[in-house]
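Reproduced below: work-v7.txt, with compact mmCIF, C-alpha atoms.
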# COMPACT_ATOMS: atom_id res chain seq x y z
CA MET A 1197 1.88 7.94 12.69
CA SER A 1198 2.05 8.09 8.93
CA PHE A 1199 4.99 9.85 7.26
CA PHE A 1200 2.70 11.73 4.86
CA PHE A 1201 -0.43 12.27 6.96
CA GLY A 1202 0.99 13.06 10.40
CA GLY A 1203 -0.51 16.55 10.46
CA ARG A 1204 -3.97 15.58 9.27
CA SER A 1205 -6.95 14.25 11.18
CA ASN A 1206 -8.51 11.97 8.56
CA LYS A 1207 -10.89 9.33 9.74
CA THR A 1208 -9.46 5.84 9.35
CA PHE A 1209 -11.00 2.58 8.22
CA LYS A 1210 -9.28 0.63 10.99
CA PRO A 1211 -7.42 1.89 14.09
CA LYS A 1212 -3.93 3.15 13.30
CA LYS A 1213 -0.98 0.94 14.10
CA ASN A 1214 1.50 2.88 16.25
CA ILE A 1215 5.17 2.00 16.68
CA PRO A 1216 6.05 2.39 20.38
CA GLU A 1217 8.19 5.41 21.25
CA GLY A 1218 11.62 4.62 22.61
CA THR A 1219 12.11 1.66 20.29
CA HIS A 1220 14.69 1.47 17.53
CA GLN A 1221 11.88 1.07 14.99
CA HIS A 1222 10.42 4.39 16.18
CA ASP A 1223 13.82 5.99 15.54
CA LEU A 1224 13.82 4.44 12.07
CA MET A 1225 10.35 5.83 11.46
CA LYS A 1226 11.55 9.34 12.35
CA HIS A 1227 14.57 8.88 10.08
CA ALA A 1228 12.29 7.85 7.21
CA ALA A 1229 10.01 10.84 7.78
CA ALA A 1230 13.01 13.18 7.70
CA THR A 1231 14.52 11.71 4.52
CA LEU A 1232 11.17 11.80 2.71
CA GLY A 1233 11.32 15.57 3.06
CA SER A 1234 14.15 15.63 0.53
CA GLY A 1235 11.64 15.06 -2.26
CA ASN A 1236 13.70 12.26 -3.81
CA LEU A 1237 11.75 9.11 -3.04
CA GLN A 1238 14.31 6.87 -4.74
CA LEU A 1239 16.87 7.94 -2.15
CA ALA A 1240 14.42 8.08 0.73
CA VAL A 1241 13.39 4.42 0.44
CA GLN A 1242 16.95 3.07 0.46
CA LEU A 1243 18.10 1.07 3.48
CA PRO A 1244 19.91 3.42 5.88
CA GLU A 1245 23.56 2.53 6.34
CA GLY A 1246 24.14 -0.06 9.04
CA GLU A 1247 20.45 -0.84 9.55
CA ASP A 1248 18.71 -4.21 9.47
CA LEU A 1249 16.65 -4.84 6.33
CA ASN A 1250 13.87 -6.64 8.19
CA GLU A 1251 13.40 -3.73 10.59
CA TRP A 1252 13.33 -1.26 7.69
CA VAL A 1253 10.73 -3.33 5.84
CA ALA A 1254 8.68 -3.72 9.04
CA VAL A 1255 8.63 0.01 9.79
CA ASN A 1256 7.61 0.89 6.24
CA THR A 1257 4.98 -1.86 6.08
CA VAL A 1258 3.35 -0.41 9.19
CA ASP A 1259 3.39 3.05 7.62
CA PHE A 1260 1.88 1.86 4.35
CA PHE A 1261 -0.87 0.12 6.32
CA ASN A 1262 -1.59 3.43 8.08
CA GLN A 1263 -1.49 5.43 4.84
CA ILE A 1264 -3.87 3.08 3.03
CA ASN A 1265 -6.04 2.92 6.13
CA MET A 1266 -6.50 6.71 6.01
CA LEU A 1267 -6.87 6.92 2.24
CA TYR A 1268 -9.56 4.25 2.14
CA GLY A 1269 -11.22 5.83 5.17
CA THR A 1270 -11.94 8.94 3.09
CA ILE A 1271 -13.97 7.04 0.48
CA THR A 1272 -15.74 4.29 2.47
CA GLU A 1273 -19.13 5.94 1.95
CA PHE A 1274 -18.66 5.46 -1.81
CA CYS A 1275 -17.32 1.90 -1.63
CA THR A 1276 -20.38 -0.14 -0.75
CA GLU A 1277 -21.85 -3.58 -1.35
CA HIS A 1278 -24.03 -1.99 -4.05
CA SER A 1279 -21.40 0.14 -5.83
CA CYS A 1280 -18.60 -2.44 -5.57
CA PRO A 1281 -20.16 -5.94 -5.41
CA VAL A 1282 -16.80 -7.46 -6.43
CA MET A 1283 -13.28 -6.55 -5.32
CA SER A 1284 -11.76 -5.43 -8.58
CA ALA A 1285 -9.26 -3.11 -10.23
CA GLY A 1286 -11.05 -2.20 -13.44
CA PRO A 1287 -12.94 -4.66 -15.63
CA LYS A 1288 -10.02 -7.06 -16.15
CA TYR A 1289 -8.82 -7.75 -12.60
CA GLU A 1290 -10.81 -9.40 -9.84
CA TYR A 1291 -9.60 -10.45 -6.40
CA HIS A 1292 -10.99 -13.26 -4.24
CA TRP A 1293 -10.23 -13.48 -0.53
CA ALA A 1294 -8.38 -16.28 1.28
CA ASP A 1295 -6.08 -16.11 4.29
CA GLY A 1296 -5.02 -19.75 4.41
CA GLN A 1297 -6.43 -20.17 7.93
CA THR A 1298 -10.03 -19.15 8.58
CA VAL A 1299 -10.74 -18.85 4.84
CA LYS A 1300 -8.71 -21.50 3.01
CA LYS A 1301 -10.64 -21.59 -0.27
CA PRO A 1302 -10.74 -18.22 -2.10
CA ILE A 1303 -14.17 -16.60 -1.89
CA LYS A 1304 -15.70 -13.97 -4.12
CA CYS A 1305 -16.84 -10.97 -2.11
CA SER A 1306 -17.59 -7.28 -2.36
CA ALA A 1307 -14.78 -4.72 -2.25
CA PRO A 1308 -15.69 -3.38 1.22
CA LYS A 1309 -15.85 -6.91 2.59
CA TYR A 1310 -12.54 -7.88 0.96
CA ILE A 1311 -10.81 -4.76 2.27
CA ASP A 1312 -12.26 -5.34 5.74
CA TYR A 1313 -10.89 -8.90 5.68
CA LEU A 1314 -7.54 -7.64 4.38
CA MET A 1315 -7.04 -4.80 6.84
CA THR A 1316 -8.10 -6.95 9.81
CA TRP A 1317 -5.77 -9.77 8.67
CA THR A 1318 -2.90 -7.29 8.22
CA GLN A 1319 -3.50 -5.62 11.56
CA ASP A 1320 -3.48 -8.98 13.35
CA GLN A 1321 -0.04 -9.71 11.88
CA LEU A 1322 1.35 -6.28 12.67
CA ASP A 1323 0.18 -6.64 16.27
CA ASP A 1324 1.80 -10.07 16.64
CA GLU A 1325 5.21 -9.66 18.30
CA SER A 1326 6.32 -13.04 16.98
CA THR A 1327 5.75 -11.80 13.43
CA PHE A 1328 6.52 -8.08 13.67
CA PRO A 1329 8.72 -7.75 16.79
CA SER A 1330 9.29 -4.20 18.05
CA THR A 1331 11.56 -5.08 20.98
CA ILE A 1332 15.32 -4.99 20.49
CA GLY A 1333 16.77 -8.48 20.65
CA VAL A 1334 13.60 -10.26 19.56
CA PRO A 1335 14.42 -11.87 16.20
CA PHE A 1336 12.26 -11.66 13.12
CA PRO A 1337 10.86 -15.00 11.95
CA LYS A 1338 12.83 -16.76 9.22
CA ASN A 1339 9.91 -16.36 6.80
CA PHE A 1340 9.50 -12.62 7.54
CA SER A 1341 10.38 -11.58 4.00
CA GLN A 1342 7.62 -13.75 2.54
CA LEU A 1343 5.13 -12.54 5.16
CA ALA A 1344 5.91 -8.91 4.32
CA LYS A 1345 5.65 -9.58 0.59
CA ASN A 1346 2.22 -11.13 1.03
CA ILE A 1347 0.99 -8.16 3.05
CA LEU A 1348 2.35 -5.59 0.60
CA LYS A 1349 1.00 -7.51 -2.40
CA ARG A 1350 -2.48 -7.31 -0.92
CA LEU A 1351 -2.17 -3.69 0.20
CA PHE A 1352 -1.31 -2.84 -3.42
CA ARG A 1353 -4.77 -4.11 -4.37
CA VAL A 1354 -6.43 -1.43 -2.25
CA TYR A 1355 -4.50 1.24 -4.16
CA ALA A 1356 -5.54 -0.45 -7.41
CA HIS A 1357 -9.20 -0.54 -6.39
CA ILE A 1358 -9.20 3.11 -5.31
CA TYR A 1359 -7.56 4.28 -8.54
CA HIS A 1360 -9.79 2.26 -10.85
CA GLN A 1361 -13.13 2.47 -9.07
CA HIS A 1362 -13.02 5.63 -6.93
CA PHE A 1363 -10.57 8.08 -8.47
CA HIS A 1364 -13.33 10.55 -9.36
CA GLU A 1365 -14.47 10.62 -5.72
CA VAL A 1366 -10.86 11.11 -4.63
CA VAL A 1367 -10.60 14.11 -6.97
CA LYS A 1368 -13.87 15.58 -5.67
CA LEU A 1369 -12.53 15.29 -2.14
CA ARG A 1370 -9.26 16.93 -3.28
CA GLU A 1371 -7.27 13.97 -2.02
CA GLU A 1372 -5.59 13.03 -5.30
CA ALA A 1373 -2.25 14.63 -4.33
CA HIS A 1374 -2.12 12.57 -1.14
CA LEU A 1375 -3.11 9.41 -3.00
CA ASN A 1376 -0.50 9.93 -5.72
CA THR A 1377 2.29 10.72 -3.23
CA SER A 1378 1.44 7.74 -1.04
CA PHE A 1379 1.28 5.36 -3.99
CA LYS A 1380 4.51 6.69 -5.47
CA HIS A 1381 6.26 6.15 -2.13
CA PHE A 1382 4.84 2.61 -1.97
CA ILE A 1383 5.97 1.74 -5.51
CA PHE A 1384 9.50 3.04 -5.05
CA PHE A 1385 9.82 1.09 -1.81
CA VAL A 1386 8.55 -2.25 -3.11
CA GLN A 1387 10.60 -1.90 -6.29
CA GLU A 1388 13.76 -1.07 -4.30
CA PHE A 1389 13.54 -4.38 -2.41
CA GLY A 1390 11.60 -6.56 -4.89
CA LEU A 1391 8.62 -6.96 -2.56
CA VAL A 1392 5.73 -7.03 -5.06
CA ASP A 1393 5.97 -9.09 -8.23
CA ARG A 1394 5.70 -7.07 -11.44
CA ARG A 1395 2.75 -9.22 -12.54
CA GLU A 1396 0.83 -8.09 -9.47
CA GLN A 1397 1.46 -4.47 -10.47
CA ALA A 1398 -0.18 -4.92 -13.88
CA PRO A 1399 -3.54 -3.23 -13.03
CA LEU A 1400 -1.66 0.05 -12.46
CA GLN A 1401 1.35 -0.49 -14.71
CA ASP A 1402 0.63 2.51 -16.94
CA LEU A 1403 0.34 4.78 -13.91
CA ILE A 1404 3.48 3.27 -12.36
CA ASP A 1405 5.41 3.94 -15.57
CA ARG A 1406 4.26 7.57 -15.51
CA LEU A 1407 5.15 8.06 -11.85
CA THR A 1408 8.58 6.45 -12.11
CA SER A 1409 9.43 8.28 -15.32
CA ARG A 1410 8.54 11.59 -13.65
CA GLN A 1411 10.92 10.82 -10.79
CA SER A 1412 13.69 9.87 -13.23
CA ALA A 1413 13.11 13.06 -15.20
CA ALA A 1414 13.21 15.15 -12.05
CA ALA A 1415 16.46 13.47 -10.95
CA ALA A 1416 17.96 14.23 -14.36
CA GLY A 1417 16.89 17.88 -14.16
CA CYS A 1418 14.24 17.54 -16.88
CA ALA A 1419 10.73 18.94 -16.61
CA PRO A 1420 8.30 15.99 -16.39
CA ARG A 1421 4.90 16.03 -18.10
CA PRO A 1422 1.94 16.77 -15.81
CA LEU A 1423 0.33 13.67 -14.30
CA THR A 1424 -3.30 13.54 -15.44
CA ARG A 1425 -6.17 11.11 -15.71
CA ARG A 1426 -4.44 9.69 -18.80
CA GLY A 1427 -2.16 7.89 -16.40
CA MET A 1428 -5.12 5.59 -15.75
CA ALA A 1429 -5.07 3.90 -19.16
CA PRO A 1430 -6.77 0.47 -19.50
CA VAL A 1431 -4.83 -2.52 -18.21
CA ARG A 1432 -3.52 -5.18 -20.54
CA ARG A 1433 -4.19 -8.61 -19.00
CA ALA A 1434 -7.04 -10.26 -17.20
CA GLY A 1435 -6.68 -12.20 -13.99
CA ARG A 1436 -8.21 -13.37 -10.73
CA HIS A 1437 -6.12 -13.51 -7.60
CA ALA A 1438 -6.52 -14.73 -4.04
Structure encoded using structure tokens:
Amino acid sequence: MSFFFGGRSNKTFKPKKNIPEGTHQHDLMKHAAATLGSGNLQLAVQLPEGEDLNEWVAVNTVDFFNQINMLYGTITEFCTEHSCPVMSAGPKYEYHWADGQTVKKPIKCSAPKYIDYLMTWTQDQLDDESTFPSTIGVPFPKNFSQLAKNILKRLFRVYAHIYHQHFHEVVKLREEAHLNTSFKHFIFFVQEFGLVDRREQAPLQDLIDRLTSRQSAAAAGCAPRPLTRRGMAPVRRAGRHA
């Protein structure tokens, strides 16, 4: 269940990933949901005292997968081979797909195809107990941090695509508050633990600056400026990424 969308019945792009009840990770998920209610995301994303960092990253990675799954599920009818023939985040950023196994050489593909590849690839890893163990006593792999970073880096691209190519549809569906809250949560989490390189964040850097400055202003007791479409200013650098 997603922290932010637990009470809603949105359709999803892929089946939700559930953390089994009775596990320590399920307890961590409930803890995270409770602390998010404080309204201070900077505090809510911090590692709970005495907890294992890998488990905390795993629980939150599953939740971000579910959040993005539901958010993208609301706009799939608008994201088609015709409307989005290339997976992009505005005119200056284009993403090609490769998973290093079945697709070793990056391929150019449409946004819906790329996101289908991405969400299937992510789900396969989340379902793999050797990669994302949910049983107490089963160790995380030594390269877990890098695996999580790669997943989160690619999940960021779905946010970037939605904001740049489908924000007007999101507004028409009155989902912008959910999108903004989910993305803000994601950004504070990955920044807290250095999980997504700043260069990868460039397509949404202006928006990120607005969101983080609003949180800082709120923490300082200042009234932040309203977040508007101006937060979607053009990006600064071009790039293609696999």
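A straight line drawn from CA of Ala1356 in chain A to CA of Asn1376 in chain A is 11.7 Å long.
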>> To one decimal place in Å, what is the distance between CA of Cys1280 in chain A and CA of Ser1306 in chain A?
In response: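 Going from CA of Cys1280 in chain A over to CA of Ser1306 in chain A, I get 5.9 Å.
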> Once you count all atoms listed in the file, which residues end up no further than 12 Å from (11.2, -11.6, 6.2) in the file's frame, shown as a PyMOL selection string?
Replying inline: chain A and resi 1248-1254+1257+1326-1329+1335-1347+1389+1391
> Using all atoms listed in the file, which of A:Asp1324, A:Gly1286, A:Ile1271, A:Ala1307 sits nearest Leu1400 in chain A?
Replying inline: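 The answer is A:Gly1286, which sits nearest to Leu1400 in chain A.
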> Taking all atoms listed in the file into account, which of A:Arg1394, A:Asp1259, A:Pro1308, A:Gln1387 comes nearest Ser1284 in chain A?
Replying inline: A:Pro1308
> Which one of A:Asp1402, A:Tyr1359, A:Gln1319, A:Arg1353 sits closest to Asn1262 in chain A if you count only C-alpha atoms?
Replying inline: A:Gln1319
> Which distance in Å separates CA of Tyr1268 in chain A and CA of Val1299 in chain A, to one decimal?
Replying inline: 23.3 Å
>> For a quick check of understanding, using all atoms listed in the file, which of A:Met1315, A:Ile1383, A:Val1241, A:Val1354 has the smallest distance to Leu1403 in chain A?
In response: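 Ranking A:Met1315, A:Ile1383, A:Val1241, A:Val1354 by distance to Leu1403 in chain A, first place goes to A:Ile1383.
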> When distances are computed from all atoms listed in the file, which of A:Leu1407, A:Leu1351, A:Ile1332, A:Leu1369 shows the smallest separation from Thr1316 in chain A?
Replying inline: A:Leu1351
Just range 1219-1346 of chain A, please, as an mmCIF file, in the first residue's frame (only C-alpha atoms).
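This is the output file selection38.cif:
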data_model
loop_
_atom_site.group_PDB
_atom_site.id
_atom_site.type_symbol
_atom_site.label_atom_id
_atom_site.label_comp_id
_atom_site.auth_asym_id
_atom_site.auth_seq_id
_atom_site.Cartn_x
_atom_site.Cartn_y
_atom_site.Cartn_z
ATOM 1 C CA THR A 1219 7.359 -8.625 8.557
ATOM 2 C CA HIS A 1220 9.660 -5.994 9.995
ATOM 3 C CA GLN A 1221 9.519 -4.126 6.684
ATOM 4 C CA HIS A 1222 5.728 -3.911 7.035
ATOM 5 C CA ASP A 1223 6.246 -2.358 10.481
ATOM 6 C CA LEU A 1224 8.683 0.113 8.933
ATOM 7 C CA MET A 1225 6.122 0.949 6.266
ATOM 8 C CA LYS A 1226 3.531 1.743 8.949
ATOM 9 C CA HIS A 1227 6.095 3.854 10.796
ATOM 10 C CA ALA A 1228 6.830 5.804 7.617
ATOM 11 C CA ALA A 1229 3.130 6.360 6.946
ATOM 12 C CA ALA A 1230 2.667 7.688 10.482
ATOM 13 C CA THR A 1231 5.644 10.060 10.369
ATOM 14 C CA LEU A 1232 4.607 11.442 6.972
ATOM 15 C CA GLY A 1233 1.496 12.738 8.691
ATOM 16 C CA SER A 1234 3.638 15.291 10.515
ATOM 17 C CA GLY A 1235 3.862 17.346 7.330
ATOM 18 C CA ASN A 1236 7.636 17.730 7.613
ATOM 19 C CA LEU A 1237 9.029 15.531 4.861
ATOM 20 C CA GLN A 1238 12.634 16.325 5.766
ATOM 21 C CA LEU A 1239 12.094 14.674 9.137
ATOM 22 C CA ALA A 1240 9.844 11.928 7.817
ATOM 23 C CA VAL A 1241 12.438 10.540 5.390
ATOM 24 C CA GLN A 1242 15.207 10.264 7.989
ATOM 25 C CA LEU A 1243 16.358 6.786 9.027
ATOM 26 C CA PRO A 1244 14.483 5.777 12.197
ATOM 27 C CA GLU A 1245 16.773 5.304 15.164
ATOM 28 C CA GLY A 1246 18.236 1.818 15.387
ATOM 29 C CA GLU A 1247 16.956 0.707 11.978
ATOM 30 C CA ASP A 1248 18.912 -0.801 9.094
ATOM 31 C CA LEU A 1249 19.520 1.584 6.193
ATOM 32 C CA ASN A 1250 19.049 -1.100 3.542
ATOM 33 C CA GLU A 1251 15.642 -2.065 4.926
ATOM 34 C CA TRP A 1252 14.581 1.586 5.059
ATOM 35 C CA VAL A 1253 15.660 2.151 1.455
ATOM 36 C CA ALA A 1254 13.935 -1.076 0.366
ATOM 37 C CA VAL A 1255 10.616 -0.164 2.003
ATOM 38 C CA ASN A 1256 10.621 3.313 0.497
ATOM 39 C CA THR A 1257 11.679 2.062 -2.948
ATOM 40 C CA VAL A 1258 8.671 -0.269 -2.962
ATOM 41 C CA ASP A 1259 6.415 2.621 -1.980
ATOM 42 C CA PHE A 1260 7.773 4.935 -4.668
ATOM 43 C CA PHE A 1261 7.228 2.179 -7.228
ATOM 44 C CA ASN A 1262 3.594 1.942 -6.082
ATOM 45 C CA GLN A 1263 3.116 5.714 -6.081
ATOM 46 C CA ILE A 1264 4.513 6.145 -9.589
ATOM 47 C CA ASN A 1265 2.571 3.096 -10.717
ATOM 48 C CA MET A 1266 -0.682 4.767 -9.652
ATOM 49 C CA LEU A 1267 0.242 8.226 -10.919
ATOM 50 C CA TYR A 1268 1.190 6.949 -14.363
ATOM 51 C CA GLY A 1269 -1.908 4.748 -14.373
ATOM 52 C CA THR A 1270 -4.070 7.883 -14.336
ATOM 53 C CA ILE A 1271 -2.596 9.250 -17.582
ATOM 54 C CA THR A 1272 -1.872 6.133 -19.678
ATOM 55 C CA GLU A 1273 -4.637 7.011 -22.139
ATOM 56 C CA PHE A 1274 -2.751 10.236 -22.943
ATOM 57 C CA CYS A 1275 0.722 8.678 -23.118
ATOM 58 C CA THR A 1276 0.642 6.749 -26.376
ATOM 59 C CA GLU A 1277 2.951 5.701 -29.187
ATOM 60 C CA HIS A 1278 1.553 8.622 -31.201
ATOM 61 C CA SER A 1279 1.657 11.351 -28.532
ATOM 62 C CA CYS A 1280 4.988 10.262 -27.030
ATOM 63 C CA PRO A 1281 7.051 8.500 -29.732
ATOM 64 C CA VAL A 1282 10.217 9.068 -27.666
ATOM 65 C CA MET A 1283 10.759 8.754 -23.912
ATOM 66 C CA SER A 1284 11.668 12.301 -23.023
ATOM 67 C CA ALA A 1285 11.517 14.991 -20.354
ATOM 68 C CA GLY A 1286 11.013 18.111 -22.435
ATOM 69 C CA PRO A 1287 12.875 18.880 -25.660
ATOM 70 C CA LYS A 1288 16.374 18.578 -24.189
ATOM 71 C CA TYR A 1289 16.306 15.195 -22.446
ATOM 72 C CA GLU A 1290 15.773 11.834 -24.098
ATOM 73 C CA TYR A 1291 16.031 8.396 -22.513
ATOM 74 C CA HIS A 1292 16.931 5.128 -24.264
ATOM 75 C CA TRP A 1293 16.215 1.754 -22.680
ATOM 76 C CA ALA A 1294 18.752 -0.904 -21.672
ATOM 77 C CA ASP A 1295 18.679 -3.336 -18.764
ATOM 78 C CA GLY A 1296 22.101 -4.911 -19.243
ATOM 79 C CA GLN A 1297 20.586 -8.378 -19.693
ATOM 80 C CA THR A 1298 17.838 -8.839 -22.280
ATOM 81 C CA VAL A 1299 18.531 -5.405 -23.792
ATOM 82 C CA LYS A 1300 22.256 -4.707 -23.557
ATOM 83 C CA LYS A 1301 22.534 -1.956 -26.167
ATOM 84 C CA PRO A 1302 20.368 1.117 -25.424
ATOM 85 C CA ILE A 1303 17.354 1.317 -27.738
ATOM 86 C CA LYS A 1304 15.251 4.314 -28.647
ATOM 87 C CA CYS A 1305 11.591 3.674 -27.920
ATOM 88 C CA SER A 1306 8.315 5.408 -27.180
ATOM 89 C CA ALA A 1307 7.514 6.640 -23.677
ATOM 90 C CA PRO A 1308 4.820 4.005 -23.005
ATOM 91 C CA LYS A 1309 7.159 1.249 -24.169
ATOM 92 C CA TYR A 1310 10.061 2.597 -22.085
ATOM 93 C CA ILE A 1311 7.892 2.892 -18.984
ATOM 94 C CA ASP A 1312 6.506 -0.604 -19.540
ATOM 95 C CA TYR A 1313 10.067 -1.944 -19.767
ATOM 96 C CA LEU A 1314 11.061 0.055 -16.673
ATOM 97 C CA MET A 1315 8.155 -0.917 -14.447
ATOM 98 C CA THR A 1316 8.400 -4.596 -15.429
ATOM 99 C CA TRP A 1317 12.177 -4.567 -14.799
ATOM 100 C CA THR A 1318 11.657 -2.859 -11.428
ATOM 101 C CA GLN A 1319 8.885 -5.208 -10.390
ATOM 102 C CA ASP A 1320 11.026 -8.244 -11.214
ATOM 103 C CA GLN A 1321 13.742 -6.942 -8.880
ATOM 104 C CA LEU A 1322 11.333 -6.068 -6.089
ATOM 105 C CA ASP A 1323 9.854 -9.568 -6.283
ATOM 106 C CA ASP A 1324 13.291 -11.218 -6.122
ATOM 107 C CA GLU A 1325 13.993 -12.243 -2.515
ATOM 108 C CA SER A 1326 17.721 -12.401 -3.238
ATOM 109 C CA THR A 1327 17.647 -8.717 -4.211
ATOM 110 C CA PHE A 1328 14.898 -7.284 -1.991
ATOM 111 C CA PRO A 1329 14.609 -9.767 0.916
ATOM 112 C CA SER A 1330 11.557 -9.347 3.152
ATOM 113 C CA THR A 1331 12.349 -12.161 5.598
ATOM 114 C CA ILE A 1332 14.215 -11.354 8.803
ATOM 115 C CA GLY A 1333 17.692 -12.859 8.738
ATOM 116 C CA VAL A 1334 18.010 -12.904 4.954
ATOM 117 C CA PRO A 1335 20.853 -10.494 4.125
ATOM 118 C CA PHE A 1336 20.704 -7.822 1.476
ATOM 119 C CA PRO A 1337 23.159 -8.300 -1.388
ATOM 120 C CA LYS A 1338 26.442 -6.419 -1.092
ATOM 121 C CA ASN A 1339 25.564 -4.321 -4.150
ATOM 122 C CA PHE A 1340 22.082 -3.434 -2.835
ATOM 123 C CA SER A 1341 22.845 0.276 -2.610
ATOM 124 C CA GLN A 1342 23.805 0.426 -6.284
ATOM 125 C CA LEU A 1343 20.754 -1.634 -7.284
ATOM 126 C CA ALA A 1344 18.450 0.729 -5.391
ATOM 127 C CA LYS A 1345 20.142 3.781 -6.894
ATOM 128 C CA ASN A 1346 19.639 2.430 -10.401
#
